[in-house]
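Peer 1: Take a look at protein_23.cif, mmCIF, C-alpha atoms:
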```
data_model
loop_
_atom_site.label_atom_id
_atom_site.label_comp_id
_atom_site.auth_asym_id
_atom_site.auth_seq_id
_atom_site.Cartn_x
_atom_site.Cartn_y
_atom_site.Cartn_z
CA MET A 20 17.30 31.64 -1.28
CA LYS A 21 16.99 27.86 -1.39
CA TYR A 22 13.20 28.06 -1.86
CA PHE A 23 13.59 30.73 -4.54
CA VAL A 24 15.88 28.44 -6.54
CA ILE A 25 13.48 25.51 -6.17
CA ALA A 26 10.47 27.64 -7.16
CA THR A 27 12.32 29.09 -10.16
CA SER A 28 13.41 25.61 -11.25
CA LEU A 29 9.83 24.32 -11.02
CA ILE A 30 8.51 27.26 -13.04
CA LEU A 31 11.16 26.75 -15.72
CA ALA A 32 10.41 23.00 -15.86
CA LEU A 33 6.70 23.72 -16.16
CA CYS A 34 7.29 26.22 -18.97
CA LEU A 35 9.47 23.69 -20.78
CA PHE A 36 6.83 20.97 -20.35
CA CYS A 37 4.07 23.28 -21.59
CA GLY A 38 6.13 23.95 -24.71
CA PHE A 39 5.79 20.27 -25.58
CA MET A 40 2.08 20.00 -24.77
CA PRO A 41 -0.20 19.43 -27.75
CA SER A 42 -2.43 22.41 -28.44
CA ASP A 43 -6.17 22.39 -29.14
CA GLU A 44 -5.14 22.56 -32.79
CA ASP A 45 -3.13 19.35 -32.39
CA MET A 46 -6.05 17.64 -30.63
CA ALA A 47 -8.30 18.64 -33.55
CA VAL A 48 -6.61 15.84 -35.53
CA TYR A 49 -9.22 13.47 -34.06
CA ASP A 50 -12.14 15.60 -35.29
CA SER A 51 -10.59 16.22 -38.70
CA THR A 52 -10.10 12.58 -39.67
CA VAL A 53 -12.46 9.80 -40.79
CA ARG A 54 -11.28 6.18 -40.76
CA LEU A 55 -12.33 2.91 -42.43
CA HIS A 56 -12.26 -0.39 -40.54
CA VAL A 57 -12.97 -3.73 -42.24
CA LEU A 58 -13.10 -6.82 -40.02
CA ALA A 59 -12.74 -10.29 -41.52
CA ASN A 60 -14.89 -13.25 -40.50
CA SER A 61 -11.81 -15.11 -39.21
CA ASP A 62 -8.05 -15.43 -39.65
CA ASP A 63 -8.56 -18.23 -42.17
CA THR A 64 -6.73 -17.50 -45.42
CA HIS A 65 -9.96 -17.63 -47.41
CA ASP A 66 -11.76 -15.23 -45.06
CA GLN A 67 -8.84 -12.83 -45.23
CA SER A 68 -9.03 -12.88 -49.04
CA VAL A 69 -12.77 -12.19 -48.85
CA LYS A 70 -12.06 -9.20 -46.59
CA LEU A 71 -9.69 -7.70 -49.14
CA LEU A 72 -12.11 -8.18 -52.04
CA VAL A 73 -14.90 -6.48 -50.07
CA ARG A 74 -12.48 -3.69 -49.16
CA ASP A 75 -11.59 -3.13 -52.81
CA ALA A 76 -15.25 -3.03 -53.81
CA VAL A 77 -16.26 -0.47 -51.18
CA LEU A 78 -13.23 1.77 -51.69
CA ASP A 79 -14.37 2.57 -55.22
CA GLU A 80 -17.83 3.46 -53.94
CA ILE A 81 -16.51 5.48 -51.00
CA ARG A 82 -14.26 7.49 -53.33
CA ALA A 83 -17.29 8.40 -55.42
CA LEU A 84 -19.38 9.25 -52.35
CA THR A 85 -16.85 11.53 -50.67
CA GLU A 86 -14.90 13.08 -53.55
CA ASP A 87 -16.61 16.46 -53.08
CA ALA A 88 -16.23 16.55 -49.28
CA GLN A 89 -14.55 19.72 -48.04
CA SER A 90 -14.24 18.60 -44.42
CA ALA A 91 -14.41 15.54 -42.18
CA GLU A 92 -17.92 16.62 -41.19
CA GLU A 93 -19.08 16.63 -44.81
CA ALA A 94 -17.42 13.26 -45.43
CA SER A 95 -19.16 11.86 -42.35
CA VAL A 96 -22.58 13.04 -43.58
CA MET A 97 -21.98 11.61 -47.05
CA LEU A 98 -20.89 8.25 -45.64
CA THR A 99 -23.81 8.09 -43.19
CA GLU A 100 -26.28 8.82 -45.99
CA GLY A 101 -24.60 6.17 -48.15
CA LEU A 102 -24.55 3.37 -45.57
CA SER A 103 -27.33 1.31 -47.15
CA HIS A 104 -25.66 1.54 -50.56
CA ILE A 105 -22.28 0.55 -49.11
CA ARG A 106 -23.97 -2.41 -47.41
CA GLU A 107 -25.50 -3.43 -50.76
CA ILE A 108 -22.05 -3.31 -52.38
CA CYS A 109 -20.69 -5.59 -49.63
CA GLU A 110 -23.60 -8.02 -49.93
CA GLN A 111 -23.34 -8.15 -53.73
CA THR A 112 -19.59 -8.72 -53.55
CA LEU A 113 -20.09 -11.56 -51.08
CA ALA A 114 -22.89 -13.06 -53.22
CA ASP A 115 -20.70 -12.93 -56.33
CA MET A 116 -18.12 -14.99 -54.44
CA GLY A 117 -20.74 -17.46 -53.20
CA GLU A 118 -20.24 -16.36 -49.60
CA GLU A 119 -23.20 -16.74 -47.26
CA ILE A 120 -22.09 -14.66 -44.31
CA PRO A 121 -23.85 -11.64 -42.84
CA VAL A 122 -22.38 -8.16 -43.12
CA SER A 123 -22.87 -5.17 -40.82
CA VAL A 124 -22.04 -1.62 -41.91
CA TYR A 125 -22.29 1.36 -39.60
CA PHE A 126 -20.77 4.73 -38.83
CA SER A 127 -19.63 5.51 -35.29
CA GLU A 128 -16.74 6.60 -33.11
CA GLU A 129 -14.14 3.91 -32.68
CA LYS A 130 -10.89 3.58 -30.76
CA TYR A 131 -7.77 3.01 -32.89
CA PRO A 132 -4.17 2.22 -32.02
CA THR A 133 -1.32 4.32 -33.42
CA ARG A 134 -0.96 3.67 -37.13
CA SER A 135 1.44 4.83 -39.84
CA TYR A 136 0.39 5.89 -43.34
CA GLY A 137 3.45 6.65 -45.41
CA THR A 138 5.38 9.30 -43.51
CA VAL A 139 2.42 10.22 -41.27
CA ARG A 140 1.58 8.55 -37.95
CA LEU A 141 -1.89 9.04 -36.54
CA PRO A 142 -1.99 8.86 -32.73
CA ALA A 143 -4.05 6.30 -30.85
CA GLY A 144 -7.48 7.54 -29.85
CA ARG A 145 -11.12 7.78 -30.88
CA TYR A 146 -11.97 8.66 -34.48
CA ARG A 147 -15.13 8.77 -36.56
CA SER A 148 -15.18 5.53 -38.46
CA LEU A 149 -17.00 3.57 -41.15
CA ARG A 150 -16.96 0.01 -39.80
CA ILE A 151 -17.66 -3.08 -41.90
CA GLU A 152 -18.01 -6.40 -40.07
CA LEU A 153 -17.99 -9.62 -42.10
CA GLY A 154 -19.55 -12.70 -40.49
CA GLU A 155 -18.22 -13.15 -36.96
CA ALA A 156 -15.80 -10.22 -37.42
CA ALA A 157 -13.23 -12.24 -35.46
CA GLY A 158 -10.33 -12.09 -37.91
CA ARG A 159 -7.46 -9.72 -38.56
CA ASN A 160 -8.81 -6.39 -39.62
CA TRP A 161 -7.78 -3.75 -42.13
CA TRP A 162 -7.98 0.01 -41.67
CA CYS A 163 -7.06 3.20 -43.42
CA VAL A 164 -7.93 6.90 -43.55
CA LEU A 165 -10.95 7.89 -45.67
CA TYR A 166 -10.63 11.60 -44.99
CA PRO A 167 -8.14 12.91 -45.90
CA ALA A 168 -8.18 10.28 -48.66
CA LEU A 169 -5.12 8.16 -47.83
CA CYS A 170 -6.58 4.72 -48.58
CA THR A 171 -5.62 5.00 -52.23
CA ASP A 172 -2.94 7.69 -52.14
CA VAL A 173 -0.56 6.74 -49.32
CA ALA A 174 2.45 8.04 -51.25
CA LYS A 175 1.17 11.60 -50.85
CA THR A 176 0.07 11.55 -47.22
CA GLU A 177 1.51 14.89 -46.13
CA ALA A 178 0.19 16.66 -49.21
CA SER A 179 -3.23 15.09 -48.65
CA PHE A 180 -3.38 16.36 -45.08
CA ILE A 181 -2.39 19.89 -46.10
CA ARG A 182 -4.80 19.89 -49.05
CA THR A 183 -7.75 19.00 -46.79
CA GLY A 184 -7.13 21.70 -44.22
CA PHE A 185 -4.55 20.37 -41.77
CA THR A 186 -2.11 23.07 -40.72
CA SER A 187 1.63 22.70 -41.17
CA ASP A 188 1.99 22.51 -37.36
CA GLN A 189 -0.47 19.61 -37.21
CA VAL A 190 1.41 17.80 -39.96
CA HIS A 191 4.72 18.41 -38.14
CA VAL A 192 3.27 16.77 -35.02
CA LEU A 193 2.01 13.79 -37.08
CA THR A 194 5.30 13.34 -38.95
CA GLY A 195 7.67 14.05 -36.06
CA GLY A 196 8.89 17.15 -37.87
CA ASP A 197 12.61 17.88 -37.77
CA SER A 198 12.78 18.22 -34.03
CA PRO A 199 12.51 15.96 -30.96
CA LYS A 200 9.97 18.54 -29.72
CA TYR A 201 7.37 17.29 -32.20
CA LYS A 202 8.03 13.68 -31.28
CA ILE A 203 7.40 14.51 -27.63
CA ARG A 204 4.24 16.43 -28.52
CA PHE A 205 3.05 13.40 -30.52
CA ARG A 206 3.58 11.12 -27.51
CA ILE A 207 1.63 13.47 -25.26
CA LEU A 208 -1.10 13.82 -27.91
CA GLU A 209 -1.26 10.04 -28.09
CA PHE A 210 -1.57 9.84 -24.28
CA PHE A 211 -4.49 12.31 -24.30
CA GLY A 212 -6.08 10.51 -27.25
CA GLU A 213 -5.94 7.13 -25.54
CA ASN A 214 -7.16 8.33 -22.17
CA PHE A 215 -9.38 11.38 -22.67
CA SER A 216 -10.86 11.36 -26.18
#
```
Would you kindly transcribe this structure into structure tokens?
Peer 2:
Amino acid sequence: MKYFVIATSLILALCLFCGFMPSDEDMAVYDSTVRLHVLANSDDTHDQSVKLLVRDAVLDEIRALTEDAQSAEEASVMLTEGLSHIREICEQTLADMGEEIPVSVYFSEEKYPTRSYGTVRLPAGRYRSLRIELGEAAGRNWWCVLYPALCTDVAKTEASFIRTGFTSDQVHVLTGGDSPKYKIRFRILEFFGENFS
């Protein structure tokens, strides 16, 4: 009888734990999102200002490049094809400011910490990313979400996720929903994202 109680308790605990586990749909958050990462030359106040001016210049171009994207995959293709043009925008912006520092622009997978965008928190993990490195790229960086387009519309984060194909369950996990269950699922999703993505 003792072993039956122990076995039953373990099964119930496992079922409860599985109820909190992120599903494949939750894990798809990583494949359905494209990020932007701009790294400043240094932490110097001037270099940080340069970073923000370059950011502003490329955001306008990125918006034009990806406005017709229907998925993260399409956005990734559009950005990859537009890399040389984005680099030219960066170089011209730097030249207009009289800056003589190199700039690197590439598209790759990159590891991100947990970040909040309005009411949405994206878990730590690896995401497709447009990365812009200014000079030594040793200063404080700036990042946002290119797809769904949250860089310029943070006030409507949840609506942006839904509009671009995220399910309501995925959004509940990313916002914490109305239940501790979603907060736990987010933490587990974050653990998997940091260690297995």
Peer 1: For A:Ala157, list every protein, DNA or RNA residue within 12 Å, evaluated using all atoms listed in the file, and leave out those in the same chain fewer than 5 positions away; present the list as an MDAnalysis selection string.
Peer 2: chainID A and resid 57:63 66:67 70 152
Peer 1: Need the shell around A:Met116: protein/DNA/RNA residues with any atom at most 9 Å away, counting only C-alpha atoms. Skip same-chain ones fewer than 4 positions apart. Format as a ChimeraX atom specification?
Peer 2: /A:69,111-112
Peer 1: Just to be explicit: take each residue in the selection above, keep C-alpha atoms, and write the result as a short mmCIF file (atom, residue, chain, number, x, y, z; two decimals), in the coordinates of the input.
Peer 2:
```
data_model
loop_
_atom_site.label_atom_id
_atom_site.label_comp_id
_atom_site.auth_asym_id
_atom_site.auth_seq_id
_atom_site.Cartn_x
_atom_site.Cartn_y
_atom_site.Cartn_z
CA VAL A 69 -12.77 -12.19 -48.85
CA GLN A 111 -23.34 -8.15 -53.73
CA THR A 112 -19.59 -8.72 -53.55
#
```
Peer 1: Would you please work out which residue, of A:Phe210, A:Tyr131, A:Trp161, A:Phe126, is nearest to A:Ser148 when using only C-alpha atoms?
Peer 2: A:Phe126
Peer 1: Restricting the calculation to only C-alpha atoms, which member of A:Leu169, A:Gly158, A:Cys163, A:Arg182 is positioned closest to A:Thr64?
Peer 2: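 Among A:Leu169, A:Gly158, A:Cys163, A:Arg182, it is A:Gly158 that comes nearest to A:Thr64.
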Peer 1: So, counting only C-alpha atoms, which residue among A:Ser127, A:Thr194, A:Asn160, A:Ser103 is closest to A:Arg147?
Peer 2: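 Ranked by minimum distance to A:Arg147, first place goes to A:Ser127.
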Peer 1: From the options A:Lys202, A:Ile151, A:Glu209, A:Pro121, which residue's atoms come nearest to A:Leu78, counting only C-alpha atoms?
Peer 2: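 The answer is A:Ile151, which sits nearest to A:Leu78.
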Peer 1: Work out how far apart atom CA of A:Asp115 and atom CA of A:Glu86 are and give it in Å to one decimal.
Peer 2: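 Pair atom CA of A:Asp115 / atom CA of A:Glu86 returns 26.8 Å.
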Peer 1: Which is closer to A:His191 than all the others in A:Ala83, A:Leu141, A:Tyr166, A:Leu113, using only C-alpha atoms?
Peer 2: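 Closest to A:His191 of all the choices is A:Leu141.
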Peer 1: Within 9 Å of A:Ala88, counting all atoms listed in the file, which residues show up once you throw out same-chain ones fewer than 6 positions away? Write them as a list in words, please.
Peer 2: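 Once the adjacent positions are removed, what remains is Ala94, Ser95, Met97 and Tyr166 of chain A.
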Peer 1: Nearest residue to A:Gln189 out of A:Leu55, A:Arg140, A:Ser68, A:Glu155, using all atoms listed in the file?
Peer 2: A:Arg140
Peer 1: Please compute the atom CA of A:Glu128-atom CA of A:Tyr146 distance, one decimal, in Å.
Peer 2: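 Between atom CA of A:Glu128 and atom CA of A:Tyr146 the gap works out to 5.4 Å.
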Peer 1: Quick one: which residues end up in the PyMOL selection byres ((chain A and resi 106) around 12) for this structure, as a ChimeraX atom specification?
Peer 2: /A:73-74,76-77,80-81,98-105,107-113,121-126,149-153
Peer 1: Give me, please, the distance in Å between atom CA of A:Val48 and atom CA of A:Ala156, quoted to one decimal.
Peer 2: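 Atom-to-atom, atom CA of A:Val48 to atom CA of A:Ala156, that is 27.7 Å.
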